[in-house]
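S.K.: Mind having a look at this structure? Questions to follow.
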Amino acid sequence: MERSPTELSLDLPTGPLAEAVLAAARASETAPILNHSVRSFLFAQLLAAHDGCLDDAAYDRDLLFAATVLHDLGTGSLAKGEARFEVEGADLAADLLRRHDVPEADVDRVWEAIALHTSPGIAERRGLLCHLTREGVGADFGRGAEIVAPWEKRIHAAHPRLAMVRSLVDAIVERAARSDAAAPRYSLGGELLRERRADGVTGMELATTGTPWGE
């Protein structure tokens, strides 16, 4: 059953796992990317409410928090640039969850949600957590803006954008340039790196002029 967004809270999850998740992102990511990750969680919650998923047996708020807040961990200081940033981030997130005794099946769900968050047409078919993670991230780029619009100003006031798109592209490109394995052809990192080298700017950056939230 669809739940009104006005019934939801912008408070973040609490407890040892949630605190560790937020601390890992805060310690390794730039402020714009950290804020993007937190907004992705809040937008994902709103989309889950809109789609009537909050009471679904597969919906887990703590796992959604982990997947969204850690989805760009592969762009941070912990990532070595030895594989695609999505995969490195998924590996780092899995290690963190295991240290907090999260069941292996749930670790695998979070790993998959992070690893596939840039894979349209695949993430949507890999279960609710993958779907909501990708959609929450997409909402922060303006996809489905009309659904989250009633809460958008409050979310951006609490977690401002700070030129997020440019900061995120910078981080992805920097790590993609470290090895061929980090920038395979047609991966997001690989394509952003090629666009930066060829044109000095990426399509992702240029597209911000037409999005509801801007950069």
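We name chains A, B, ... following the order of the structure tokens; residues begin at 1 in each chain, and ligands are numbered from 1 as shown.
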Find the residues of segment 29-103 of chain A that sit at most 8 Å from segment 11-19 of chain A; for each, write down the nearest two atoms and how far apart they are in Å, to one decimal. Count only C-alpha atoms. Sort by chain, then by number going up, and give it as CSV.

M.R.:
```
residue,atom,partner,partner_atom,distance
A:Arg61,CA,A:Pro13,CA,7.8
A:Asp62,CA,A:Pro13,CA,6.8
A:Phe65,CA,A:Ala18,CA,7.3
A:Ala66,CA,A:Ala18,CA,7.1
A:Leu97,CA,A:Leu17,CA,7.6
A:His100,CA,A:Leu17,CA,6.5
```

S.K.: Applying 7 Å and only C-alpha atoms, which residues near segment 159-165 of chain A remain after dropping the ones on its own chain fewer than 4 positions away? List them as an NGL selection string.

M.R.: :A and (32-33 or 35-36 or 39 or 155 or 169 or 205 or 215)

S.K.: Generate a file of the selected residues that holds N, CA and C atoms, formatted as a short mmCIF file (atom, residue, chain, number, x, y, z; two decimals), in the first residue's frame.

M.R.:
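Output saved as part-v7.cif:
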```
data_model
loop_
_atom_site.label_atom_id
_atom_site.label_comp_id
_atom_site.auth_asym_id
_atom_site.auth_seq_id
_atom_site.Cartn_x
_atom_site.Cartn_y
_atom_site.Cartn_z
N PRO A 32 30.83 16.54 -0.84
CA PRO A 32 29.76 16.45 -1.84
C PRO A 32 29.30 15.02 -2.10
N ILE A 33 30.24 14.06 -2.13
CA ILE A 33 29.87 12.67 -2.39
C ILE A 33 29.18 12.07 -1.18
N ASN A 35 27.30 13.71 0.99
CA ASN A 35 25.94 14.25 0.99
C ASN A 35 25.08 13.59 -0.08
N HIS A 36 25.66 13.35 -1.24
CA HIS A 36 24.94 12.63 -2.32
C HIS A 36 24.51 11.25 -1.85
N ARG A 39 21.62 11.62 0.64
CA ARG A 39 20.40 12.00 -0.09
C ARG A 39 19.84 10.80 -0.86
N ILE A 155 15.56 18.09 2.16
CA ILE A 155 16.68 17.17 2.01
C ILE A 155 17.94 17.93 1.58
N VAL A 169 32.44 13.04 -10.54
CA VAL A 169 33.14 12.70 -11.78
C VAL A 169 34.65 12.78 -11.57
N GLU A 205 28.50 15.69 -16.61
CA GLU A 205 28.59 17.09 -16.15
C GLU A 205 27.73 18.02 -16.99
N GLU A 215 23.80 20.92 -10.46
CA GLU A 215 25.01 20.17 -10.13
C GLU A 215 25.04 19.76 -8.68
#
```

S.K.: Given the choices A:Ala113, A:Ala90, A:Leu70, A:Ile122, which gets closest to Leu22 of chain A if the distance is worked out from only C-alpha atoms?

M.R.: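 Of A:Ala113, A:Ala90, A:Leu70, A:Ile122, the one nearest Leu22 of chain A is A:Leu70, counting only C-alpha atoms.
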
S.K.: Restricting the calculation to only C-alpha atoms: of A:Ala25, A:Ala48, A:Ala177, A:Ala20, which residue gets closest to Gly81 of chain A?

M.R.: A:Ala177

S.K.: Pick out the residues sitting within 9 Å of Val87 of chain A, and hand them over as a list in words; count only C-alpha atoms, and ignore anything fewer than 5 positions along from it in its own chain.

M.R.: Gly74, Leu92, Trp111, Glu112, Ile114, Ala115 and Leu116 of chain A

S.K.: Pick out the residues sitting within 12 Å of Ile147 of chain A, and hand them over as a PyMOL selection string; count only C-alpha atoms, and ignore anything fewer than 2 positions along from it in its own chain.

M.R.: chain A and resi 4-5+43-51+135-136+139-140+142-145+149-152

S.K.: Could you write out the selected residues, including N, CA and C atoms, as a PDB file, in the first residue's frame?

M.R.:
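Below is the file selection.pdb, written as the result:
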```
ATOM      1  N   SER A   4       1.969   7.913   2.282  1.00  0.00           N
ATOM      2  CA  SER A   4       2.246   9.315   2.002  1.00  0.00           C
ATOM      3  C   SER A   4       3.643   9.687   2.472  1.00  0.00           C
ATOM      4  N   PRO A   5       4.414  10.450   1.644  1.00  0.00           N
ATOM      5  CA  PRO A   5       5.735  10.891   2.071  1.00  0.00           C
ATOM      6  C   PRO A   5       5.700  11.716   3.350  1.00  0.00           C
ATOM      7  N   PHE A  43      16.018   9.726  -0.636  1.00  0.00           N
ATOM      8  CA  PHE A  43      15.181   9.636  -1.829  1.00  0.00           C
ATOM      9  C   PHE A  43      14.691   8.204  -2.038  1.00  0.00           C
ATOM     10  N   ALA A  44      15.543   7.223  -1.772  1.00  0.00           N
ATOM     11  CA  ALA A  44      15.138   5.817  -1.925  1.00  0.00           C
ATOM     12  C   ALA A  44      13.985   5.485  -0.992  1.00  0.00           C
ATOM     13  N   GLN A  45      14.024   6.013   0.229  1.00  0.00           N
ATOM     14  CA  GLN A  45      12.915   5.804   1.167  1.00  0.00           C
ATOM     15  C   GLN A  45      11.620   6.379   0.619  1.00  0.00           C
ATOM     16  N   LEU A  46      11.691   7.593   0.079  1.00  0.00           N
ATOM     17  CA  LEU A  46      10.503   8.231  -0.478  1.00  0.00           C
ATOM     18  C   LEU A  46       9.952   7.432  -1.650  1.00  0.00           C
ATOM     19  N   LEU A  47      10.827   6.922  -2.484  1.00  0.00           N
ATOM     20  CA  LEU A  47      10.379   6.116  -3.618  1.00  0.00           C
ATOM     21  C   LEU A  47       9.772   4.800  -3.154  1.00  0.00           C
ATOM     22  N   ALA A  48      10.355   4.215  -2.103  1.00  0.00           N
ATOM     23  CA  ALA A  48       9.791   2.979  -1.548  1.00  0.00           C
ATOM     24  C   ALA A  48       8.390   3.226  -1.010  1.00  0.00           C
ATOM     25  N   ALA A  49       8.207   4.366  -0.337  1.00  0.00           N
ATOM     26  CA  ALA A  49       6.883   4.711   0.184  1.00  0.00           C
ATOM     27  C   ALA A  49       5.899   4.925  -0.961  1.00  0.00           C
ATOM     28  N   HIS A  50       6.342   5.616  -1.990  1.00  0.00           N
ATOM     29  CA  HIS A  50       5.480   5.880  -3.138  1.00  0.00           C
ATOM     30  C   HIS A  50       5.059   4.591  -3.824  1.00  0.00           C
ATOM     31  N   ASP A  51       5.979   3.632  -3.893  1.00  0.00           N
ATOM     32  CA  ASP A  51       5.697   2.365  -4.566  1.00  0.00           C
ATOM     33  C   ASP A  51       5.026   1.341  -3.664  1.00  0.00           C
ATOM     34  N   GLU A 135      17.470   3.445  -7.843  1.00  0.00           N
ATOM     35  CA  GLU A 135      16.488   4.512  -8.003  1.00  0.00           C
ATOM     36  C   GLU A 135      16.755   5.683  -7.065  1.00  0.00           C
ATOM     37  N   GLY A 136      17.225   5.395  -5.848  1.00  0.00           N
ATOM     38  CA  GLY A 136      17.578   6.474  -4.936  1.00  0.00           C
ATOM     39  C   GLY A 136      18.722   7.308  -5.471  1.00  0.00           C
ATOM     40  N   ALA A 139      17.440   9.383  -8.360  1.00  0.00           N
ATOM     41  CA  ALA A 139      16.642  10.531  -7.934  1.00  0.00           C
ATOM     42  C   ALA A 139      17.521  11.725  -7.591  1.00  0.00           C
ATOM     43  N   ASP A 140      18.742  11.458  -7.095  1.00  0.00           N
ATOM     44  CA  ASP A 140      19.636  12.570  -6.767  1.00  0.00           C
ATOM     45  C   ASP A 140      20.206  13.219  -8.016  1.00  0.00           C
ATOM     46  N   GLY A 142      17.984  13.682 -10.457  1.00  0.00           N
ATOM     47  CA  GLY A 142      16.757  14.264 -10.990  1.00  0.00           C
ATOM     48  C   GLY A 142      15.770  13.294 -11.583  1.00  0.00           C
ATOM     49  N   ARG A 143      16.100  11.990 -11.614  1.00  0.00           N
ATOM     50  CA  ARG A 143      15.166  11.020 -12.164  1.00  0.00           C
ATOM     51  C   ARG A 143      14.016  10.797 -11.185  1.00  0.00           C
ATOM     52  N   GLY A 144      12.786  10.867 -11.668  1.00  0.00           N
ATOM     53  CA  GLY A 144      11.631  10.724 -10.787  1.00  0.00           C
ATOM     54  C   GLY A 144      11.469  11.898  -9.841  1.00  0.00           C
ATOM     55  N   ALA A 145      11.919  13.073 -10.279  1.00  0.00           N
ATOM     56  CA  ALA A 145      11.934  14.248  -9.407  1.00  0.00           C
ATOM     57  C   ALA A 145      10.551  14.603  -8.887  1.00  0.00           C
ATOM     58  N   ALA A 149       9.748  15.556  -4.984  1.00  0.00           N
ATOM     59  CA  ALA A 149       9.739  17.018  -4.926  1.00  0.00           C
ATOM     60  C   ALA A 149       9.201  17.600  -3.622  1.00  0.00           C
ATOM     61  N   PRO A 150       8.149  17.029  -3.003  1.00  0.00           N
ATOM     62  CA  PRO A 150       7.632  17.647  -1.776  1.00  0.00           C
ATOM     63  C   PRO A 150       8.654  17.730  -0.640  1.00  0.00           C
ATOM     64  N   TRP A 151       9.656  16.855  -0.651  1.00  0.00           N
ATOM     65  CA  TRP A 151      10.658  16.841   0.420  1.00  0.00           C
ATOM     66  C   TRP A 151      12.027  17.307  -0.050  1.00  0.00           C
ATOM     67  N   GLU A 152      12.138  17.613  -1.317  1.00  0.00           N
ATOM     68  CA  GLU A 152      13.453  17.922  -1.891  1.00  0.00           C
ATOM     69  C   GLU A 152      14.154  19.085  -1.213  1.00  0.00           C
TER      70      GLU A 152
END
```

S.K.: Which one of A:Ala158, A:Ala198, A:Ala176, A:Leu206 sits closest to Arg84 of chain A if you count only C-alpha atoms?

M.R.: A:Ala176

S.K.: In terms of the shortest atom-to-atom distance over only C-alpha atoms, which of A:Pro120, A:Gly138, A:Gly210, A:Gly190 is closest to Ser37 of chain A?

M.R.: A:Gly138

S.K.: Under the rule that only C-alpha atoms are counted, which of A:Ala58, A:Gly127, A:Leu10, A:His117 is the nearest residue to Asp72 of chain A?

M.R.: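 Of A:Ala58, A:Gly127, A:Leu10, A:His117, the one nearest Asp72 of chain A, counting only C-alpha atoms, is A:His117.
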
S.K.: Looking at only C-alpha atoms, which of A:Asp95, A:Asp60, A:Asp106, A:Glu191 is the one that sits closest to Val21 of chain A?

M.R.: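 Going through A:Asp95, A:Asp60, A:Asp106, A:Glu191 one by one, the smallest distance to Val21 of chain A is for A:Asp95.
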
S.K.: Distance atom CA of Ala171 of chain A-atom CA of Thr75 of chain A, one decimal place?

M.R.: 5.4 Å

S.K.: Figure out the distance between atom CA of Glu86 of chain A and atom CA of Leu188 of chain A, please, to one decimal in Å.

M.R.: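 Taking atom CA of Leu188 of chain A as the start and atom CA of Glu86 of chain A as the end point, the length is 9.1 Å.
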